[in-house]
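Read the structure below first, then the notes.
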Amino acid sequence: MQFPYSWLKTQANPNLSADQLAHLLTMAGLEVEETTPAAPDFSGVVIAEVKAVEKHPDADRLNVTQVDVGKGELLQIVCGAPNVRVGIKVPCALDGALLPNDFKIKPTKMRGVVSNGMLCSAKELGLPEDVDGLLILDNNAPVGQNVREFLDLDDTIFTLKITPNRTDCLSIKGLAREVAALTACEVNFPQIQKVKSESKRTQAVQIDAPEDCGRFISRVIENVNAQAQSPKWLTQRLERAGIRSISALVDIGNYVMLEIGQPMHVFDADKLSGSLHVRRAQNGETLACLNEKTVILQDNTLVIADEKQALSIAGLMGGASSAVSDETKNVVLESAWFTPEIISGKSRQYGFGSDSSFRFERGVDYQLQRDAIERASELILAICGGQAGEIVEAKGILPEPQTVSIRTERVEKVLGVAIASAQIQAILDKLGLNPVQNENGFTVTAPSFRYDIEREEDLIEEIARVYGYENIPDDYTSGKLAMLRLPENKNPRFGVSQKLAARGFQEIVSYAFVNEDWEKDFANNQDPICLQNPLAAQYSVMRSTLIGGLIEVLQNNLNRKQNRVRVFEMARTFRKENGIFVQNERLGGLVYGSVLPEQWGEKARAADFYDVKADVESVLSGQNVQIEYVRATHPALHPTRSANVLIGGENVGFIGELHPKWLQKYDLPNAPLLFELDMAAVLASEKTRYQAISKFQPVRRDLAFVLPENVDFAVLQAALWAVKSDYIQAVELFDVYRGAGLPEHHKSLAVKIVLQSHDGTLNDETVEPIIQILIQSAETVGAKLR
């Protein structure tokens with residue numbers, strides 16, 4: 001909501017500076033986003049009347065003028081504006097005037113002719129104006145008066161961020177009511193005069209959807225002058241409220257909306273056929289709107305139509321076929337109340353919104369419609385002339401006023417401060433809530449402009465706002481806080497983040513809503529959880545994997561020339577299981593580019609599967625059970641460069657390189673490496689166990705085994721660990737050989753075996769039998785000692 005302070009002062013003048021009022025409104029819950037001056041600083045500019053105009057003797061485009069600035073003598077000023085003429089009143093910058101951008105005026109010669117000032121355009125004063133040339137003022141402008149005073153340029157423009165429940169503050173009347181409650185100043189609401197009926201012509205109206213429209217009012221005004229100019233005071237208020245002046249008839253509708261809060265529409269009466277109907281649109285029905293867009297309507301949309309066609313989308317946008325123009329002679333004013341539910345979401349559905357829809361979808365006062373018609377009629381007759389007909393009204397289903405009780409004891413308990421019953425009553429009275437005292441407090445019947453008040457807490461909030469949050473003591477709560485113990489078998493979440501950050505990762509936070517294509521591509525999920533009301537078309541389903549968000553972050557970084565990316569995310573994923581929605585927390589990571597940042601100490605090398613495997617093992621450290629990596633396929637990953645991560649035989653995630661087909665689809669120059677793990681497995685930890693370090697010398701034996709290519713080291717390692725011996729401390733691979741001396745399709749794996757005792761130094765008699773058992777166990781999986 002944008003408005004000029006000067007307009008608010010006509011209804012409620014709190015005698016506060018703009019900054020003081022901005023602070024007061026913000027503290028009361030009406031956040032002031034910004035305040036801006038109506039015009040930039042300038043001085044020394046007065047109203048002048050042009051008395052004479054002559055062509056410059058040495059310049060075709062210049063004129064020599066004589067102007068009256070109220071000093072008793074005429075000033076000679078050279079002017080190049082195309083619209084200068086005798087009799088007009090314009091701003092004149094006198095000798096010593098300081099214009100915006102520190103432009104100082106002083107007497108000068110222009111092509112040999114002395115100029116003692118400057119006649120100003122709107123642009124030169126920093127004002128918005130479409131006219132090319134001088135800013136021409138009204139004929140009644142007093143010569144010699146300061147232009148800032150005449151045009152009220154010391155005004156301040158407020159921009160408020162109104163919460164959705166406070167539609168009553170989307171008008172000057174509503175803001176005046178609020179300011180009066182906060183400051184106890186007098187209010188002077190516009191007096192709505194009932195217009196005398198001088199025409200017998202009426203416009204029949206009918207509500208065909210009473211559950212969507214509670215009231216629909218029309219009035220015909222004949223013989224209007226559609227080409228009449230809107231007065232300067234009206235266009236100035238509209239412009240400072242952020243609305244462009246279009247024509248007098250349209251401007252008046254916008255003005256009434258801003259003044260009292262009721263959106264309106266003006267039809268050309270001669271373009272209508274029969275009665276006006278408020279009805280649901282038919283699927284496929286089309287409407288050419290005033291914004292030059294043609295929309296295909298759906299049956300969830302309310303329209304205003306005549307007997308032939310739809311004329312406008314109710315509460316959103318009028319149609320071009322019934323719009324007023326300079327040739328319009330007779331108009332129909334329309335004012336209605338629509339349920340917020342029928343208007344809500346239509347701006348997104350049809351791709352455009354309006355000031356009217358912004359108000360209707362939040363809820364408009366359902367008693368304002370007749371006042372709006374009368375106020376608009378009064379202004380049209382005063383500006384455009386004509387004869388008004390009788391008001392015609394149709395009624396549907398209107399809201400029932402809510403009766404809410406408030407207990408004074410409850411106010412003190414919730415706010416933490418004792419507020420006297422008389423003060424509570426005064427606050428509710430100031431807000432126009434008309435409280436009635438009862439034995440426990442008060443009973444309030446919510447007025448039509450505040451039907452957002454539904455429960456006791458709503459009234460307590462109103463009391464707190466007006467009483468002043470800053471007046472509520474900020475006493476500290478007292479009590480004992482105990483640090484919760486973290487189970488020994490569980491890692492702290494922050495510790496996971498620290499581990500990954502130490503390895504060069506950065507944490508990201510992405511939407512749980514994702515593109516449906518991501519689910520099909522990266523999870524082969526053909527039946528994702530769909531949202532009924534998505535934020536946007538590309539965020540229409542819930543994610544079942546974190547890969548999509550990681551890939552999107554990678555794309556954004558690559559577009560900004562970041563060629564080394566290491567990111568992770570801890571977040572929930574969502575899927576269906578037997579018709580039930582299940583959510584699990586997962587840890588996902590992505591690595592792209594070189595292993596290390598560019599440097600002189602190490603050669604550049606692209607990260608590979610084993611680098612990311614090391615990252616995963618770092619995250620899973622602390623598990624005493626064996627971590628296995630089993631070759632597997634995944635819809636998002638390369639078929640031969642991916643594996644499932646198993647802990648104790650249970651699948652807890654996957655690791656691998658992105659599938660080549662997704663590189664092309666998502667325009668990635670190289671393949672990133674990805675992993676995703678269950679957070680339950682990541683946070684799990686074995687209870688810390690303490691044991692003495694052996695003081696005896698370990699024994700190392702290196703064994704080289706020949707085995708088929710299709711047998712993984714994990715299989716061989718599992719077979720070696722299957723040998724039960726307290727002496728075996730480590731089974732580690734240290735070399736892989738393929739080549740001469742080996743059978744075809746075979747490889748050699750060299751394994752380090754470390755044995756150690758806590759009781760004494762091991763000798764060959766003890767070690768050799770264990771080694772022979774290890775060799776025999778390896779043979780069970782097809783491995784032979786080389």
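We label chains A, B, ... in the order they appear in the structure tokens, count residues from 1 in each chain, and number ligands from 1 in the order shown.
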What lies within 12 Å of Glu34 in chain A using only C-alpha atoms, ignoring chain neighbours under 3 positions off, as an mmCIF file with all heavy atoms, in the first residue's frame?
```cif
data_model
loop_
_atom_site.group_PDB
_atom_site.id
_atom_site.type_symbol
_atom_site.label_atom_id
_atom_site.label_comp_id
_atom_site.auth_asym_id
_atom_site.auth_seq_id
_atom_site.Cartn_x
_atom_site.Cartn_y
_atom_site.Cartn_z
ATOM 1 N N MET A 1 0.853 -1.184 0.000
ATOM 2 C CA MET A 1 0.000 0.000 0.000
ATOM 3 C C MET A 1 0.891 1.236 0.000
ATOM 4 O O MET A 1 1.737 1.395 0.871
ATOM 5 C CB MET A 1 -0.912 -0.014 1.231
ATOM 6 C CG MET A 1 -1.714 1.258 1.450
ATOM 7 S SD MET A 1 -2.952 1.531 0.183
ATOM 8 C CE MET A 1 -3.714 3.039 0.779
ATOM 9 N N GLN A 2 0.690 2.101 -1.000
ATOM 10 C CA GLN A 2 1.466 3.337 -1.103
ATOM 11 C C GLN A 2 0.502 4.517 -1.014
ATOM 12 O O GLN A 2 -0.569 4.501 -1.618
ATOM 13 C CB GLN A 2 2.222 3.358 -2.436
ATOM 14 C CG GLN A 2 3.079 4.589 -2.657
ATOM 15 C CD GLN A 2 3.856 4.517 -3.952
ATOM 16 O OE1 GLN A 2 4.431 3.474 -4.280
ATOM 17 N NE2 GLN A 2 3.866 5.602 -4.696
ATOM 18 N N PHE A 3 0.881 5.543 -0.253
ATOM 19 C CA PHE A 3 0.002 6.695 -0.102
ATOM 20 C C PHE A 3 0.826 7.911 0.310
ATOM 21 O O PHE A 3 1.887 7.782 0.930
ATOM 22 C CB PHE A 3 -1.084 6.420 0.949
ATOM 23 C CG PHE A 3 -0.556 6.292 2.351
ATOM 24 C CD1 PHE A 3 -0.495 7.389 3.206
ATOM 25 C CD2 PHE A 3 -0.101 5.077 2.824
ATOM 26 C CE1 PHE A 3 -0.002 7.281 4.486
ATOM 27 C CE2 PHE A 3 0.392 4.952 4.111
ATOM 28 C CZ PHE A 3 0.449 6.053 4.949
ATOM 29 N N ALA A 18 6.988 12.535 9.548
ATOM 30 C CA ALA A 18 6.882 11.313 8.745
ATOM 31 C C ALA A 18 7.668 10.170 9.383
ATOM 32 O O ALA A 18 7.205 9.027 9.429
ATOM 33 C CB ALA A 18 7.370 11.571 7.325
ATOM 34 N N ASP A 19 8.846 10.463 9.914
ATOM 35 C CA ASP A 19 9.655 9.417 10.544
ATOM 36 C C ASP A 19 8.985 8.887 11.810
ATOM 37 O O ASP A 19 9.010 7.682 12.087
ATOM 38 C CB ASP A 19 11.045 9.958 10.880
ATOM 39 C CG ASP A 19 11.899 10.175 9.631
ATOM 40 O OD1 ASP A 19 11.563 9.593 8.581
ATOM 41 O OD2 ASP A 19 12.886 10.927 9.712
ATOM 42 N N LEU A 21 5.738 8.861 12.439
ATOM 43 C CA LEU A 21 4.586 8.051 12.048
ATOM 44 C C LEU A 21 5.032 6.699 11.505
ATOM 45 O O LEU A 21 4.403 5.667 11.784
ATOM 46 C CB LEU A 21 3.755 8.787 10.997
ATOM 47 C CG LEU A 21 2.517 8.034 10.495
ATOM 48 C CD1 LEU A 21 1.538 7.786 11.641
ATOM 49 C CD2 LEU A 21 1.832 8.792 9.366
ATOM 50 N N ALA A 22 6.118 6.680 10.730
ATOM 51 C CA ALA A 22 6.620 5.419 10.186
ATOM 52 C C ALA A 22 6.998 4.460 11.310
ATOM 53 O O ALA A 22 6.694 3.263 11.262
ATOM 54 C CB ALA A 22 7.820 5.676 9.276
ATOM 55 N N HIS A 23 7.656 4.979 12.341
ATOM 56 C CA HIS A 23 8.033 4.124 13.476
ATOM 57 C C HIS A 23 6.791 3.622 14.202
ATOM 58 O O HIS A 23 6.699 2.431 14.560
ATOM 59 C CB HIS A 23 8.916 4.912 14.443
ATOM 60 C CG HIS A 23 9.249 4.170 15.704
ATOM 61 N ND1 HIS A 23 10.177 3.147 15.739
ATOM 62 C CD2 HIS A 23 8.762 4.277 16.978
ATOM 63 C CE1 HIS A 23 10.257 2.651 16.968
ATOM 64 N NE2 HIS A 23 9.408 3.321 17.734
ATOM 65 N N LEU A 25 3.690 3.190 13.062
ATOM 66 C CA LEU A 25 2.956 2.191 12.281
ATOM 67 C C LEU A 25 3.693 0.854 12.273
ATOM 68 O O LEU A 25 3.073 -0.211 12.391
ATOM 69 C CB LEU A 25 2.758 2.696 10.848
ATOM 70 C CG LEU A 25 1.792 3.877 10.675
ATOM 71 C CD1 LEU A 25 1.791 4.350 9.225
ATOM 72 C CD2 LEU A 25 0.379 3.498 11.101
ATOM 73 N N THR A 26 4.999 0.887 12.130
ATOM 74 C CA THR A 26 5.781 -0.353 12.102
ATOM 75 C C THR A 26 5.660 -1.095 13.427
ATOM 76 O O THR A 26 5.473 -2.322 13.457
ATOM 77 C CB THR A 26 7.247 -0.043 11.792
ATOM 78 O OG1 THR A 26 7.344 0.575 10.504
ATOM 79 C CG2 THR A 26 8.086 -1.317 11.789
ATOM 80 N N LEU A 30 1.991 -2.559 11.153
ATOM 81 C CA LEU A 30 1.833 -2.116 9.760
ATOM 82 C C LEU A 30 3.203 -1.679 9.273
ATOM 83 O O LEU A 30 3.566 -0.497 9.334
ATOM 84 C CB LEU A 30 0.812 -0.974 9.658
ATOM 85 C CG LEU A 30 -0.574 -1.260 10.254
ATOM 86 C CD1 LEU A 30 -1.458 -0.031 10.144
ATOM 87 C CD2 LEU A 30 -1.225 -2.435 9.558
ATOM 88 N N GLU A 31 3.973 -2.627 8.800
ATOM 89 C CA GLU A 31 5.379 -2.367 8.495
ATOM 90 C C GLU A 31 5.544 -1.338 7.388
ATOM 91 O O GLU A 31 4.994 -1.490 6.288
ATOM 92 C CB GLU A 31 6.064 -3.670 8.085
ATOM 93 C CG GLU A 31 7.544 -3.492 7.778
ATOM 94 C CD GLU A 31 8.183 -4.772 7.281
ATOM 95 O OE1 GLU A 31 7.516 -5.820 7.342
ATOM 96 O OE2 GLU A 31 9.337 -4.711 6.814
ATOM 97 N N PRO A 37 10.550 11.235 -0.255
ATOM 98 C CA PRO A 37 9.977 12.567 -0.469
ATOM 99 C C PRO A 37 9.208 12.619 -1.781
ATOM 100 O O PRO A 37 9.556 11.924 -2.749
ATOM 101 C CB PRO A 37 11.201 13.486 -0.483
ATOM 102 C CG PRO A 37 12.346 12.609 -0.858
ATOM 103 C CD PRO A 37 12.028 11.247 -0.323
ATOM 104 N N THR A 156 5.386 13.426 1.955
ATOM 105 C CA THR A 156 6.160 12.182 2.074
ATOM 106 C C THR A 156 5.317 11.017 1.575
ATOM 107 O O THR A 156 4.122 10.922 1.899
ATOM 108 C CB THR A 156 6.574 11.926 3.531
ATOM 109 O OG1 THR A 156 7.362 13.030 3.999
ATOM 110 C CG2 THR A 156 7.401 10.646 3.648
ATOM 111 N N ILE A 157 5.928 10.161 0.797
ATOM 112 C CA ILE A 157 5.246 8.972 0.272
ATOM 113 C C ILE A 157 5.579 7.778 1.166
ATOM 114 O O ILE A 157 6.749 7.449 1.357
ATOM 115 C CB ILE A 157 5.667 8.674 -1.181
ATOM 116 C CG1 ILE A 157 5.558 9.931 -2.054
ATOM 117 C CG2 ILE A 157 4.827 7.541 -1.751
ATOM 118 C CD1 ILE A 157 4.174 10.497 -2.150
ATOM 119 N N PHE A 158 4.556 7.135 1.708
ATOM 120 C CA PHE A 158 4.734 5.947 2.543
ATOM 121 C C PHE A 158 4.472 4.701 1.698
ATOM 122 O O PHE A 158 3.530 4.664 0.902
ATOM 123 C CB PHE A 158 3.750 5.947 3.712
ATOM 124 C CG PHE A 158 4.117 6.872 4.836
ATOM 125 C CD1 PHE A 158 3.980 8.245 4.715
ATOM 126 C CD2 PHE A 158 4.607 6.362 6.021
ATOM 127 C CE1 PHE A 158 4.307 9.091 5.754
ATOM 128 C CE2 PHE A 158 4.941 7.202 7.077
ATOM 129 C CZ PHE A 158 4.795 8.576 6.941
ATOM 130 N N THR A 159 5.301 3.682 1.890
ATOM 131 C CA THR A 159 5.040 2.360 1.308
ATOM 132 C C THR A 159 4.941 1.360 2.442
ATOM 133 O O THR A 159 5.901 1.157 3.183
ATOM 134 C CB THR A 159 6.162 1.947 0.341
ATOM 135 O OG1 THR A 159 6.291 2.936 -0.688
ATOM 136 C CG2 THR A 159 5.851 0.608 -0.297
ATOM 137 N N LEU A 160 3.749 0.777 2.601
ATOM 138 C CA LEU A 160 3.478 -0.141 3.705
ATOM 139 C C LEU A 160 3.420 -1.577 3.195
ATOM 140 O O LEU A 160 2.963 -1.840 2.098
ATOM 141 C CB LEU A 160 2.139 0.189 4.378
ATOM 142 C CG LEU A 160 2.149 1.174 5.552
ATOM 143 C CD1 LEU A 160 2.715 2.512 5.118
ATOM 144 C CD2 LEU A 160 0.757 1.349 6.116
ATOM 145 N N LYS A 161 3.905 -2.491 4.024
ATOM 146 C CA LYS A 161 3.810 -3.922 3.748
ATOM 147 C C LYS A 161 2.700 -4.473 4.638
ATOM 148 O O LYS A 161 2.927 -4.854 5.784
ATOM 149 C CB LYS A 161 5.141 -4.606 4.042
ATOM 150 C CG LYS A 161 5.210 -6.057 3.595
ATOM 151 C CD LYS A 161 6.609 -6.607 3.827
ATOM 152 C CE LYS A 161 6.722 -8.038 3.333
ATOM 153 N NZ LYS A 161 8.093 -8.575 3.561
#
```
field: Val496 in chain A surroundings by only C-alpha atoms, 10 Å radius, close-in-sequence under 6 positions cut, as a list in words
entry: Ala502, Met570, Leu587, Ser618, Val619, Leu620, Met679, Val682 and Leu683 of chain A
message: With only C-alpha atoms as the counted atoms, please give the residues lying no more than 10 Å from range 89-92 of chain A, apart from itself and same-chain residues fewer than 6 positions off, as number ranges by chain.
response: A: 44-51, 67-69, 77, 117-122, 125, 134-148
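With only C-alpha atoms as the atoms that count, the residue of A:Glu462, A:Glu198, A:Asp702, A:Asp678 with the shortest distance to Leu785 in chain A is A:Asp702.
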Picked from range 70-133 of chain A by DSSP as strand (DSSP E), as a list in words: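 Answer for range 70-133 of chain A, restricted to strand (DSSP E): Leu74, Leu75, Gln76, Ile77, Val78, Cys79, Lys89, Val90, Pro91, Cys92, Ala93, Leu94, Asp95, Gly96, Ala97, Leu98, Leu99, Phe103, Lys104, Thr108, Lys109, Met110, Val113, Val114, Ser115, Met118 and Leu119 of chain A.
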Written selection (C-alpha atoms) as a CSV table (one decimal), in the first residue's frame:
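Listed below is the output, selection.csv:
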```csv
chain,number,residue,atom,x,y,z
A,74,LEU,CA,8.6,41.9,-15.0
A,75,LEU,CA,11.6,39.6,-15.4
A,76,GLN,CA,13.2,38.9,-18.8
A,77,ILE,CA,13.9,35.2,-19.2
A,78,VAL,CA,15.0,33.3,-22.3
A,79,CYS,CA,13.1,30.1,-22.8
A,89,LYS,CA,1.4,30.0,-15.1
A,90,VAL,CA,4.6,28.1,-14.7
A,91,PRO,CA,7.4,27.5,-12.1
A,92,CYS,CA,10.2,30.0,-12.3
A,93,ALA,CA,13.6,29.6,-10.8
A,94,LEU,CA,14.9,33.0,-9.6
A,95,ASP,CA,18.4,34.2,-9.3
A,96,GLY,CA,20.1,32.1,-6.6
A,97,ALA,CA,17.7,29.2,-6.9
A,98,LEU,CA,19.2,25.7,-6.3
A,99,LEU,CA,17.6,23.0,-8.4
A,103,PHE,CA,22.2,23.2,-10.4
A,104,LYS,CA,22.4,26.8,-9.3
A,108,THR,CA,23.3,34.8,-17.9
A,109,LYS,CA,23.4,35.8,-21.5
A,110,MET,CA,21.9,33.4,-24.1
A,113,VAL,CA,20.2,38.3,-24.6
A,114,VAL,CA,20.1,38.5,-20.8
A,115,SER,CA,18.1,35.9,-19.0
A,118,MET,CA,14.7,29.9,-15.8
A,119,LEU,CA,11.2,28.7,-16.5
```
field: Best match for closeness to Asp608 in chain A among A:Arg738, A:Lys194, A:Arg641, A:Arg631, counting only C-alpha atoms
entry: A:Arg641
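Among A:Ala671, A:Leu596, A:Ala714, A:Ile693, the residue with the shortest atom-to-atom distance to Ser757 in chain A, counting only C-alpha atoms, is A:Ile693.
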message: So, with only C-alpha atoms as the atoms that count, which of A:Ala39, A:Val565, A:Ala704, A:Leu590 lies closest to Glu149 in chain A?
response: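 Among A:Ala39, A:Val565, A:Ala704, A:Leu590, it is A:Ala39 that comes nearest to Glu149 in chain A.
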- request: Show which residues sit within 12 Å of Ile547 in chain A, as a PyMOL selection string. Count only C-alpha atoms, and ignore same-chain residues fewer than 4 positions away.
  value: chain A and resi 510-512+514-515+517-523+543+551-554+567-571+573+586-591+634-637+654-658+662+672-677
message: What's around Glu516 in chain A at 10 Å? Count only C-alpha atoms, leave out sequence neighbours fewer than 2 positions away in its own chain, and write the answer as a count of residues only.
response: 20
Surrounding residues of Ile728 in chain A excluding itself and chain neighbours under 2 positions, 12 Å, only C-alpha atoms, as a PyMOL selection string: chain A and resi 698-701+720-726+730-732+752-758+762+766-767+770-771+773-774
If you take only C-alpha atoms and a cut-off of 10 Å, which residues of range 350-437 of chain A touch range 257-277 of chain A, and what are their nearest atom pairs and distances in Å to one decimal, in chain and number order, as a tab-separated table?
```
residue	atom	partner	partner_atom	distance
A:Asp355	CA	A:Pro263	CA	8.0
A:Ser356	CA	A:Pro263	CA	5.4
A:Ser357	CA	A:Pro263	CA	8.6
A:Phe358	CA	A:Pro263	CA	9.9
A:Arg359	CA	A:Pro263	CA	7.7
A:Phe360	CA	A:Pro263	CA	8.0
A:Val364	CA	A:Gln262	CA	6.8
A:Asp365	CA	A:Gln262	CA	7.5
A:Tyr366	CA	A:Gln262	CA	9.1
A:Gln367	CA	A:Gln262	CA	9.6
A:Leu368	CA	A:Gln262	CA	6.4
A:Gln369	CA	A:Gln262	CA	6.7
A:Arg370	CA	A:Gln262	CA	9.7
A:Asp371	CA	A:Ile260	CA	8.7
A:Ala372	CA	A:Gln262	CA	6.3
A:Ile373	CA	A:Met264	CA	8.2
A:Arg375	CA	A:Ile260	CA	9.3
A:Ala376	CA	A:Met264	CA	8.9
A:Ala394	CA	A:His277	CA	10.0
```
Those same residues, written as a compact mmCIF listing (two decimals), in the first residue's frame with N, CA and C atoms?
```txt
# COMPACT_ATOMS: atom_id res chain seq x y z
N ASP A 355 -4.90 -4.18 -8.60
CA ASP A 355 -5.13 -3.65 -7.25
C ASP A 355 -6.44 -4.18 -6.68
N SER A 356 -7.43 -4.41 -7.55
CA SER A 356 -8.70 -4.94 -7.08
C SER A 356 -8.55 -6.37 -6.55
N SER A 357 -7.89 -7.23 -7.33
CA SER A 357 -7.74 -8.62 -6.89
C SER A 357 -6.91 -8.70 -5.61
N PHE A 358 -5.93 -7.80 -5.47
CA PHE A 358 -5.10 -7.78 -4.26
C PHE A 358 -5.97 -7.57 -3.03
N ARG A 359 -7.03 -6.76 -3.16
CA ARG A 359 -7.92 -6.50 -2.03
C ARG A 359 -8.97 -7.59 -1.88
N PHE A 360 -9.60 -7.96 -2.98
CA PHE A 360 -10.69 -8.94 -2.89
C PHE A 360 -10.22 -10.28 -2.36
N VAL A 364 -12.71 -7.82 1.52
CA VAL A 364 -13.14 -6.42 1.53
C VAL A 364 -14.32 -6.28 2.49
N ASP A 365 -14.47 -5.11 3.07
CA ASP A 365 -15.61 -4.79 3.93
C ASP A 365 -16.91 -5.05 3.16
N TYR A 366 -17.77 -5.91 3.70
CA TYR A 366 -18.97 -6.29 2.96
C TYR A 366 -20.13 -5.30 3.15
N GLN A 367 -19.87 -4.14 3.80
CA GLN A 367 -20.89 -3.11 3.93
C GLN A 367 -20.52 -1.84 3.15
N LEU A 368 -19.46 -1.89 2.36
CA LEU A 368 -18.95 -0.67 1.71
C LEU A 368 -19.56 -0.40 0.34
N GLN A 369 -20.23 -1.36 -0.26
CA GLN A 369 -20.54 -1.27 -1.68
C GLN A 369 -21.46 -0.07 -2.00
N ARG A 370 -22.46 0.17 -1.21
CA ARG A 370 -23.36 1.30 -1.49
C ARG A 370 -22.64 2.63 -1.28
N ASP A 371 -21.80 2.73 -0.25
CA ASP A 371 -21.02 3.96 -0.04
C ASP A 371 -20.12 4.24 -1.23
N ALA A 372 -19.51 3.18 -1.77
CA ALA A 372 -18.62 3.37 -2.92
C ALA A 372 -19.38 3.89 -4.13
N ILE A 373 -20.56 3.35 -4.38
CA ILE A 373 -21.37 3.82 -5.52
C ILE A 373 -21.73 5.30 -5.33
N ARG A 375 -20.21 7.60 -3.47
CA ARG A 375 -19.02 8.46 -3.54
C ARG A 375 -18.55 8.63 -4.98
N ALA A 376 -18.52 7.54 -5.74
CA ALA A 376 -18.11 7.63 -7.14
C ALA A 376 -19.11 8.46 -7.95
N ALA A 394 -28.55 -6.42 -5.81
CA ALA A 394 -28.88 -7.84 -5.67
C ALA A 394 -28.04 -8.41 -4.54
```
- request: Run DSSP on the backbone and grab whatever in range 604-762 of chain A lands in helix (DSSP H, G or I); send it over as a ChimeraX atom specification.
  value: /A:609-619,660-665,679-683,713-721
Between CA of Ala740 in chain A and CA of Gln717 in chain A, distance in Å (one decimal):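 Separation between CA of Ala740 in chain A and CA of Gln717 in chain A: 24.5 Å.
Using only C-alpha atoms for every distance, the candidate list A:Ser344, A:Gln229, A:Gln298, A:Ser17 yields A:Ser344 as the residue closest to Leu316 in chain A.
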message: Please determine, counting only C-alpha atoms, which residue among A:Pro210, A:Ile217, A:Glu412, A:Lys232 has the shortest atom-to-atom distance to Phe150 in chain A.
response: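 Ranked by minimum distance to Phe150 in chain A, first place goes to A:Lys232.
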- prompt: Suppose you want the space between CA of Gly549 in chain A and CA of Gln506 in chain A; what is it in Å?
  reply: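 These two atoms are separated by 13.8 Å.
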task: Identify, on the basis of only C-alpha atoms, every residue whose closest approach to Asp155 in chain A does not exceed 7 Å; exclude the query and any residue fewer than 2 positions from it along the same chain; express the result as an MDAnalysis selection string.
output: chainID A and resid 4:6 37:38 152:153 157
Give me a file of those residues, with N, CA, C and O atoms, as a CSV table (one decimal), in the first residue's frame.
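What follows is the written file selection_25.csv:
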```csv
chain,number,residue,atom,x,y,z
A,4,PRO,N,0.3,9.1,0.0
A,4,PRO,CA,1.0,10.3,0.4
A,4,PRO,C,0.5,10.7,1.8
A,4,PRO,O,-0.7,10.6,2.1
A,5,TYR,N,1.4,11.2,2.6
A,5,TYR,CA,1.1,11.7,4.0
A,5,TYR,C,0.0,12.8,4.0
A,5,TYR,O,-0.9,12.8,4.8
A,6,SER,N,0.1,13.6,3.0
A,6,SER,CA,-0.9,14.7,2.9
A,6,SER,C,-2.3,14.2,2.8
A,6,SER,O,-3.2,14.8,3.3
A,37,PRO,N,10.6,11.2,-0.3
A,37,PRO,CA,10.0,12.6,-0.5
A,37,PRO,C,9.2,12.6,-1.8
A,37,PRO,O,9.6,11.9,-2.7
A,38,ALA,N,8.2,13.5,-1.8
A,38,ALA,CA,7.4,13.6,-3.1
A,38,ALA,C,8.2,14.2,-4.2
A,38,ALA,O,7.9,14.1,-5.3
A,152,ASP,N,2.5,21.2,-2.8
A,152,ASP,CA,2.6,20.3,-1.7
A,152,ASP,C,3.8,19.3,-1.9
A,152,ASP,O,3.7,18.1,-1.7
A,153,LEU,N,4.9,19.8,-2.3
A,153,LEU,CA,6.1,19.0,-2.6
A,153,LEU,C,6.9,18.6,-1.4
A,153,LEU,O,7.8,17.8,-1.5
A,157,ILE,N,5.9,10.2,0.8
A,157,ILE,CA,5.2,9.0,0.3
A,157,ILE,C,5.6,7.8,1.2
A,157,ILE,O,6.7,7.4,1.4
```
- request: Record the distance separating CA of Arg450 in chain A and CA of Cys169 in chain A, expressed in Å with one decimal.
  value: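 That distance, rounded to one decimal, is 10.0 Å.
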